[in-house]
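Chemist: I'm passing along protein-v8.cif; it holds mmCIF, C-alpha atoms (C1' of nucleotides).
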```cif
data_protein
loop_
_atom_site.label_atom_id
_atom_site.label_comp_id
_atom_site.auth_asym_id
_atom_site.auth_seq_id
_atom_site.Cartn_x
_atom_site.Cartn_y
_atom_site.Cartn_z
CA MET A 27 21.10 97.33 105.97
CA ARG A 28 22.08 93.76 106.61
CA GLU A 29 23.06 91.68 103.64
CA SER A 30 20.38 89.06 104.16
CA LYS A 31 17.75 91.79 104.13
CA ARG A 32 19.14 93.35 101.02
CA LYS A 33 19.15 90.11 99.12
CA LYS A 34 15.66 89.41 100.25
CA LEU A 35 14.52 92.66 98.72
CA GLU A 36 16.50 92.11 95.58
CA ALA A 37 15.04 88.68 95.23
CA ALA A 38 11.65 90.32 95.26
CA GLY A 39 12.44 91.76 91.86
CA TRP A 40 10.75 88.68 90.53
CA LYS A 41 7.89 87.65 88.40
CA LEU A 42 5.32 87.89 91.12
CA GLY A 43 1.63 87.16 91.09
CA SER A 44 -1.02 89.78 90.60
CA PRO A 45 0.19 92.45 93.03
CA LYS A 46 3.54 93.44 91.65
CA GLU A 47 4.51 95.75 94.46
CA LEU A 48 6.82 94.54 97.16
CA LEU A 49 4.31 95.58 99.78
CA GLY A 50 1.69 93.41 98.13
CA LEU A 51 3.54 90.13 98.59
CA SER A 52 1.18 87.39 99.62
CA ALA A 53 2.11 85.11 102.48
CA GLU A 54 3.02 82.33 100.06
CA GLU A 55 5.12 84.54 97.85
CA GLN A 56 6.90 85.85 100.90
CA ALA A 57 7.55 82.34 102.21
CA TYR A 58 8.80 81.26 98.80
CA ILE A 59 11.24 84.14 98.48
CA GLU A 60 12.43 83.64 102.04
CA LEU A 61 13.00 79.98 101.33
CA ARG A 62 15.15 80.74 98.32
CA VAL A 63 17.16 83.34 100.20
CA LYS A 64 17.79 80.87 102.98
CA LEU A 65 18.91 78.13 100.61
CA ALA A 66 21.14 80.55 98.71
CA GLY A 67 22.75 81.73 101.92
CA GLY A 68 23.02 78.20 103.21
CA LEU A 69 24.75 77.13 100.05
CA LYS A 70 27.33 79.88 100.19
CA ALA A 71 28.01 79.24 103.88
CA LYS A 72 28.30 75.50 103.39
CA ARG A 73 30.57 75.86 100.40
CA GLN A 74 32.89 78.27 102.14
CA ALA A 75 32.92 76.18 105.30
CA ARG A 76 34.03 73.26 103.15
CA GLY A 77 36.78 75.40 101.62
CA VAL A 78 35.47 74.74 98.13
CA THR A 79 35.57 77.23 95.26
CA GLN A 80 32.63 77.90 92.98
CA VAL A 81 34.53 76.20 90.18
CA GLN A 82 35.05 73.06 92.24
CA LEU A 83 31.43 72.90 93.30
CA ALA A 84 30.35 73.45 89.71
CA GLN A 85 32.43 70.48 88.59
CA SER A 86 31.02 68.21 91.25
CA ILE A 87 27.47 68.92 90.12
CA ARG A 88 28.40 69.10 86.43
CA SER A 89 27.35 72.71 86.17
CA SER A 90 29.28 75.92 85.64
CA GLN A 91 30.88 78.54 87.86
CA SER A 92 28.51 81.18 86.58
CA ARG A 93 25.50 79.14 87.62
CA VAL A 94 26.92 78.61 91.08
CA ALA A 95 27.42 82.35 91.41
CA LYS A 96 23.82 82.89 90.34
CA MET A 97 22.61 80.35 92.85
CA GLU A 98 24.35 82.11 95.68
CA SER A 99 23.15 85.53 94.60
CA GLY A 100 19.51 84.44 94.57
CA ASP A 101 19.11 84.76 90.83
CA PRO A 102 15.50 84.00 89.83
CA THR A 103 16.55 81.82 86.90
CA VAL A 104 17.93 79.20 89.27
CA SER A 105 15.57 76.41 90.28
CA LEU A 106 15.06 75.04 93.76
CA ASP A 107 16.11 71.70 92.30
CA LEU A 108 19.57 72.92 91.44
CA LEU A 109 19.89 74.76 94.73
CA VAL A 110 18.95 71.67 96.71
CA LYS A 111 21.09 69.33 94.64
CA SER A 112 24.05 71.61 95.20
CA LEU A 113 23.53 71.60 98.94
CA LEU A 114 23.28 67.81 98.92
CA ALA A 115 26.44 67.58 96.83
CA LEU A 116 28.21 69.53 99.57
CA GLY A 117 27.24 66.82 102.01
CA THR A 118 24.21 68.48 103.50
CA SER A 119 21.80 65.97 105.03
CA ASN A 120 18.05 66.30 104.76
CA ARG A 121 18.01 67.15 108.43
CA GLU A 122 20.50 69.96 107.94
CA LEU A 123 18.48 71.11 104.96
CA ALA A 124 15.47 71.32 107.22
CA GLU A 125 17.46 73.36 109.71
CA ILE A 126 18.45 75.82 107.02
CA ILE A 127 14.82 76.21 106.00
CA ALA A 128 13.52 76.53 109.53
CA ARG A 129 16.18 79.06 110.51
CA ARG A 130 14.84 82.54 111.09
CA MET B 23 5.41 46.58 101.14
CA ARG B 24 4.42 49.91 102.54
CA GLU B 25 3.26 52.50 100.09
CA SER B 26 5.94 55.02 101.02
CA LYS B 27 8.57 52.39 100.33
CA ARG B 28 7.05 51.45 97.04
CA LYS B 29 6.95 55.02 95.83
CA LYS B 30 10.50 55.51 96.89
CA LEU B 31 11.56 52.66 94.70
CA GLU B 32 9.44 53.82 91.84
CA ALA B 33 10.89 57.27 92.12
CA ALA B 34 14.29 55.70 91.67
CA GLY B 35 13.34 54.92 88.09
CA TRP B 36 14.94 58.23 87.29
CA LYS B 37 17.68 59.64 85.25
CA LEU B 38 20.36 58.87 87.76
CA GLY B 39 24.06 59.58 87.72
CA SER B 40 26.63 57.07 86.56
CA PRO B 41 25.51 53.97 88.47
CA LYS B 42 22.05 53.30 87.13
CA GLU B 43 21.22 50.52 89.52
CA LEU B 44 19.12 51.17 92.55
CA LEU B 45 21.78 49.65 94.72
CA GLY B 46 24.30 52.11 93.36
CA LEU B 47 22.53 55.22 94.58
CA SER B 48 24.96 57.71 95.99
CA ALA B 49 24.21 59.36 99.29
CA GLU B 50 23.16 62.55 97.52
CA GLU B 51 20.93 60.81 95.06
CA GLN B 52 19.33 58.91 97.90
CA ALA B 53 18.77 62.10 99.90
CA TYR B 54 17.33 63.82 96.85
CA ILE B 55 14.86 61.03 96.12
CA GLU B 56 13.89 60.84 99.77
CA LEU B 57 13.31 64.56 99.80
CA ARG B 58 10.96 64.38 96.84
CA VAL B 59 9.06 61.46 98.31
CA LYS B 60 8.63 63.35 101.56
CA LEU B 61 7.38 66.46 99.82
CA ALA B 62 5.02 64.45 97.64
CA GLY B 63 3.60 62.67 100.66
CA GLY B 64 3.43 65.90 102.62
CA LEU B 65 1.50 67.53 99.82
CA LYS B 66 -1.08 64.77 99.61
CA ALA B 67 -1.50 64.70 103.38
CA LYS B 68 -1.82 68.45 103.62
CA ARG B 69 -4.30 68.65 100.78
CA GLN B 70 -6.49 65.92 102.17
CA ALA B 71 -6.32 67.38 105.66
CA ARG B 72 -7.56 70.64 104.15
CA GLY B 73 -10.40 68.78 102.43
CA VAL B 74 -9.33 70.10 99.05
CA THR B 75 -9.60 68.16 95.78
CA GLN B 76 -6.79 67.99 93.24
CA VAL B 77 -8.88 70.15 90.93
CA GLN B 78 -9.27 72.84 93.57
CA LEU B 79 -5.59 72.85 94.42
CA ALA B 80 -4.75 72.99 90.72
CA GLN B 81 -6.90 76.09 90.34
CA SER B 82 -5.33 77.84 93.30
CA ILE B 83 -1.87 77.40 91.84
CA ARG B 84 -3.01 77.94 88.23
CA SER B 85 -1.98 74.45 87.22
CA SER B 86 -3.93 71.36 86.22
CA GLN B 87 -5.36 68.34 88.00
CA SER B 88 -3.07 66.03 86.11
CA ARG B 89 -0.03 67.89 87.32
CA VAL B 90 -1.21 67.73 90.90
CA ALA B 91 -1.68 63.99 90.55
CA LYS B 92 1.83 63.72 89.18
CA MET B 93 3.19 65.77 92.04
CA GLU B 94 1.65 63.46 94.59
CA SER B 95 2.79 60.33 92.82
CA GLY B 96 6.41 61.46 92.76
CA ASP B 97 6.57 61.86 88.99
CA PRO B 98 10.11 62.83 87.94
CA THR B 99 8.88 65.50 85.54
CA VAL B 100 7.65 67.62 88.44
CA SER B 101 10.06 70.20 89.81
CA LEU B 102 10.79 70.87 93.44
CA ASP B 103 9.68 74.42 92.75
CA LEU B 104 6.17 73.36 91.88
CA LEU B 105 6.04 70.92 94.77
CA VAL B 106 7.11 73.57 97.24
CA LYS B 107 4.86 76.25 95.80
CA SER B 108 1.93 73.88 96.09
CA LEU B 109 2.66 73.18 99.72
CA LEU B 110 2.95 76.89 100.42
CA ALA B 111 -0.34 77.49 98.61
CA LEU B 112 -1.95 75.05 101.02
CA GLY B 113 -0.84 77.25 103.88
CA THR B 114 2.29 75.36 104.82
CA SER B 115 4.79 77.54 106.64
CA ASN B 116 8.52 77.30 106.10
CA ARG B 117 8.77 75.77 109.53
CA GLU B 118 6.25 73.08 108.66
CA LEU B 119 8.08 72.53 105.41
CA ALA B 120 11.24 71.92 107.40
CA GLU B 121 9.38 69.42 109.55
CA ILE B 122 8.23 67.51 106.52
CA ILE B 123 11.78 67.36 105.22
CA ALA B 124 13.30 66.37 108.56
CA ARG B 125 10.71 63.68 109.19
CA ARG B 126 12.09 60.17 109.05
"C1'" DT C 2 -26.82 49.46 85.93
"C1'" DG C 3 -25.82 54.34 84.71
"C1'" DC C 4 -23.98 58.61 86.48
"C1'" DA C 5 -21.34 61.72 89.22
"C1'" DT C 6 -17.02 62.78 91.50
"C1'" DG C 7 -12.16 62.28 92.31
"C1'" DT C 8 -7.77 60.60 90.86
"C1'" DA C 9 -4.25 58.58 87.50
"C1'" DT C 10 -1.69 58.38 83.07
"C1'" DG C 11 -0.12 59.75 78.40
"C1'" DT C 12 0.88 63.32 74.95
"C1'" DC C 13 2.37 67.67 73.26
"C1'" DA C 14 3.38 72.60 71.92
"C1'" DG C 15 5.02 76.47 74.49
"C1'" DT C 16 8.03 78.27 78.02
"C1'" DA C 17 11.52 78.41 81.56
"C1'" DA C 18 15.91 76.62 83.28
"C1'" DT C 19 20.28 74.78 81.87
"C1'" DG C 20 25.50 74.58 80.92
"C1'" DA C 21 28.79 76.82 78.32
"C1'" DC C 22 31.13 80.70 77.15
"C1'" DA C 23 32.81 85.49 77.22
"C1'" DT C 24 33.94 89.05 79.92
"C1'" DA C 25 34.10 92.03 84.06
"C1'" DT C 26 35.34 93.00 88.79
"C1'" DA C 27 37.91 92.28 93.17
"C1'" DC C 28 41.97 90.73 95.76
"C1'" DT C 29 46.51 89.01 96.35
"C1'" DT C 30 51.29 88.43 95.51
"C1'" DC C 31 55.23 89.28 93.10
"C1'" DG D 22 51.30 97.15 87.55
"C1'" DA D 23 51.24 92.52 85.65
"C1'" DA D 24 49.68 87.94 86.60
"C1'" DG D 25 46.96 84.70 89.13
"C1'" DT D 26 42.80 83.34 91.56
"C1'" DA D 27 37.92 83.75 92.92
"C1'" DT D 28 33.54 85.58 91.99
"C1'" DA D 29 29.91 88.20 89.25
"C1'" DT D 30 27.05 89.25 85.10
"C1'" DG D 31 25.19 88.74 80.39
"C1'" DT D 32 23.93 85.92 76.33
"C1'" DC D 33 22.40 81.91 73.91
"C1'" DA D 34 21.21 77.25 71.91
"C1'" DT D 35 19.65 73.01 74.01
"C1'" DT D 36 17.01 70.61 77.33
"C1'" DA D 37 13.51 69.96 80.93
"C1'" DC D 38 9.26 71.44 82.83
"C1'" DT D 39 4.79 73.33 82.10
"C1'" DG D 40 -0.43 73.60 81.59
"C1'" DA D 41 -3.87 71.80 78.84
"C1'" DC D 42 -6.27 68.18 77.12
"C1'" DA D 43 -7.96 63.44 76.40
"C1'" DT D 44 -8.93 59.48 78.51
"C1'" DA D 45 -8.80 55.69 81.86
"C1'" DC D 46 -9.66 53.99 86.46
"C1'" DA D 47 -11.97 53.91 91.01
"C1'" DT D 48 -15.70 54.57 94.22
"C1'" DG D 49 -20.24 55.77 95.67
"C1'" DC D 50 -25.00 56.32 94.96
"C1'" DA D 51 -29.68 56.51 92.85
#
```
Here is a file; write its structure as structure tokens.
Modeler:
Amino acid sequence: MRESKRKKLEAAGWKLGSPKELLGLSAEEQAYIELRVKLAGGLKAKRQARGVTQVQLAQSIRSSQSRVAKMESGDPTVSLDLLVKSLLALGTSNRELAEIIARR
Amino acid sequence: MRESKRKKLEAAGWKLGSPKELLGLSAEEQAYIELRVKLAGGLKAKRQARGVTQVQLAQSIRSSQSRVAKMESGDPTVSLDLLVKSLLALGTSNRELAEIIARR
DNA sequence: TGCATGTATGTCAGTAATGACATATACTTC
DNA sequence: GAAGTATATGTCATTACTGACATACATGCA
């Protein structure tokens, strides 16, 4: 099983709407989870491409290494805000952000 | 002054980083504000195109009319999460979301 | 004018996300 | 195998966001 798939499934272990089963994911819920997985993956890729450690990134956004790790692992307690701010802090442009989101 | 411009400036009345002045916005801060303005505008456009009232949208996302109004006005107390979830609830695909973000 | 509908703004108690910290695991390199 | 570096996981007090509510503003229409 590919890693991206696995994380996607893991990420589904969330507080979902009415139908709690994975199979019952609504289109919106699915899109939302996918979005988060993409941003998480994009963040990790961007960070590594920049040769930056989690500690260094954490400092630049005034957060902590543990939170960066959680961001990249798709932890449900991390907000889209923090995810996006982190990507921007790594020099990601809005256009690149869009590319990450549109990527399939 | 165009409305989009005005809102952008208003949105800058935020809790910013070290340089509090508008002129001192860092590239990331600028990109972040722009992103929020785009999403807010995209939400309003999408909702109106769907012929849905703020009250109806609020019900579909189990929120309130006041919060929807705040979302569309670029209120800083609204999270990206809620903004994105609202767009998804209106049937926006991740690809369309990317288009909104990439739009200049 | 009065009334209905839609949107905007302010407040607030409850809840979710936060950074910090401790600690664990995984690799290197010596 | 100890020591160093990078990442992962769990907990917790503080902060930020939340829905709900009240109310104000705007527009249209009888």
Chemist: Give, as lines of an AutoDock Vina configuration file, the centre coordinates and the x, y and z edge lengths in Å to one decimal for an axis-aligned box around all listed atoms of range 34-37 of chain D, padded by 8 Å on each side.
Modeler:
```
center_x = 17.4
center_y = 73.6
center_z = 76.4
size_x = 23.7
size_y = 23.3
size_z = 25.0
```
Chemist: Give me, as JSON lines, the closest atom pair and its distance (Å, one decimal) for every residue of chain C within a cut-off of 10 Å of chain B, counting all atoms listed in the file, rows sorted by chain and rising number.
Modeler:
```
{"residue": "C:DG7", "atom": "C1'", "partner": "B:Thr75", "partner_atom": "CA", "distance": 7.3}
{"residue": "C:DT8", "atom": "C1'", "partner": "B:Ala91", "partner_atom": "CA", "distance": 7.0}
{"residue": "C:DA9", "atom": "C1'", "partner": "B:Ala91", "partner_atom": "CA", "distance": 6.7}
{"residue": "C:DT10", "atom": "C1'", "partner": "B:Ser88", "partner_atom": "CA", "distance": 8.3}
```
Chemist: Selection from above, C-alpha atoms (C1' of nucleotides), as an mmCIF file, in the frame of the given file, can you write it?
Modeler:
```
data_model
loop_
_atom_site.group_PDB
_atom_site.id
_atom_site.type_symbol
_atom_site.label_atom_id
_atom_site.label_comp_id
_atom_site.auth_asym_id
_atom_site.auth_seq_id
_atom_site.Cartn_x
_atom_site.Cartn_y
_atom_site.Cartn_z
ATOM 1 C "C1'" DG C 7 -12.160 62.280 92.310
ATOM 2 C "C1'" DT C 8 -7.770 60.600 90.860
ATOM 3 C "C1'" DA C 9 -4.250 58.580 87.500
ATOM 4 C "C1'" DT C 10 -1.690 58.380 83.070
#
```
Chemist: Using all atoms listed in the file, find each residue in range 12-31 of chain C having at least one atom no more than 9 Å away from range 29-49 of chain D; report its shortest atom-to-atom pair and that distance in Å (one decimal), rows by chain then rising number, as CSV.
Modeler:
```
residue,atom,partner,partner_atom,distance
C:DT12,C1',D:DC42,C1',8.9
C:DG15,C1',D:DT39,C1',8.2
C:DT16,C1',D:DT39,C1',7.2
C:DA17,C1',D:DC38,C1',7.4
C:DA18,C1',D:DA37,C1',7.5
C:DT19,C1',D:DT36,C1',7.0
C:DC22,C1',D:DT32,C1',8.9
C:DA23,C1',D:DG31,C1',8.9
C:DT24,C1',D:DT30,C1',8.6
C:DA25,C1',D:DT30,C1',7.6
C:DT26,C1',D:DA29,C1',7.3
```
Chemist: Taking only C-alpha atoms (C1' of nucleotides) into account, find every residue of chain B that has an atom no more than 7 Å from chain D, and write it out as a PyMOL selection string.
Modeler: chain B and resi 85-86+99-100
Chemist: The selected residues should be written to file as a CSV table (one decimal), in the coordinates of the input (atoms: C-alpha atoms).
Modeler:
```
chain,number,residue,atom,x,y,z
B,85,SER,CA,-2.0,74.4,87.2
B,86,SER,CA,-3.9,71.4,86.2
B,99,THR,CA,8.9,65.5,85.5
B,100,VAL,CA,7.6,67.6,88.4
```
Chemist: Take the PyMOL selection byres ((chain A) within 9 of (chain B)), apply it to the structure above, and return the hits as a compact mmCIF listing (two decimals) with C-alpha atoms, keeping the file's coordinate frame.
Modeler:
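See part00.txt below for the written result:
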```
# COMPACT_ATOMS: atom_id res chain seq x y z
CA ALA A 53 2.11 85.11 102.48
CA GLU A 54 3.02 82.33 100.06
CA GLU A 55 5.12 84.54 97.85
CA ALA A 57 7.55 82.34 102.21
CA TYR A 58 8.80 81.26 98.80
CA GLU A 60 12.43 83.64 102.04
CA LEU A 61 13.00 79.98 101.33
CA SER A 105 15.57 76.41 90.28
CA LEU A 106 15.06 75.04 93.76
CA ASP A 107 16.11 71.70 92.30
CA VAL A 110 18.95 71.67 96.71
CA LYS A 111 21.09 69.33 94.64
CA LEU A 114 23.28 67.81 98.92
CA ALA A 115 26.44 67.58 96.83
CA LEU A 116 28.21 69.53 99.57
CA GLY A 117 27.24 66.82 102.01
CA THR A 118 24.21 68.48 103.50
CA SER A 119 21.80 65.97 105.03
CA ASN A 120 18.05 66.30 104.76
CA ARG A 121 18.01 67.15 108.43
CA GLU A 122 20.50 69.96 107.94
CA LEU A 123 18.48 71.11 104.96
CA ALA A 124 15.47 71.32 107.22
CA GLU A 125 17.46 73.36 109.71
CA ILE A 126 18.45 75.82 107.02
CA ILE A 127 14.82 76.21 106.00
CA ALA A 128 13.52 76.53 109.53
CA ARG A 129 16.18 79.06 110.51
```
Chemist: Figure out the distance between CA of Glu94 in chain B and CA of Leu61 in chain B, please, to one decimal in Å.
Modeler: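 These atoms are spaced 8.3 Å apart.
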Chemist: Just the number, please: distance in Å from C1' of DC31 in chain C to CA of Gln82 in chain A, one decimal.
Modeler: 25.9 Å
Chemist: If you measure from CA of Ser82 in chain B to CA of Leu65 in chain B, what distance in Å do you get, rounded to one decimal?
Modeler: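 Value for the CA of Ser82 in chain B-CA of Leu65 in chain B distance: 14.0 Å.
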Chemist: From the options B:Lys60, B:Lys68, B:Met93, B:Ser48, which residue's atoms come nearest to Ala80 in chain B, counting all atoms listed in the file?
Modeler: B:Met93
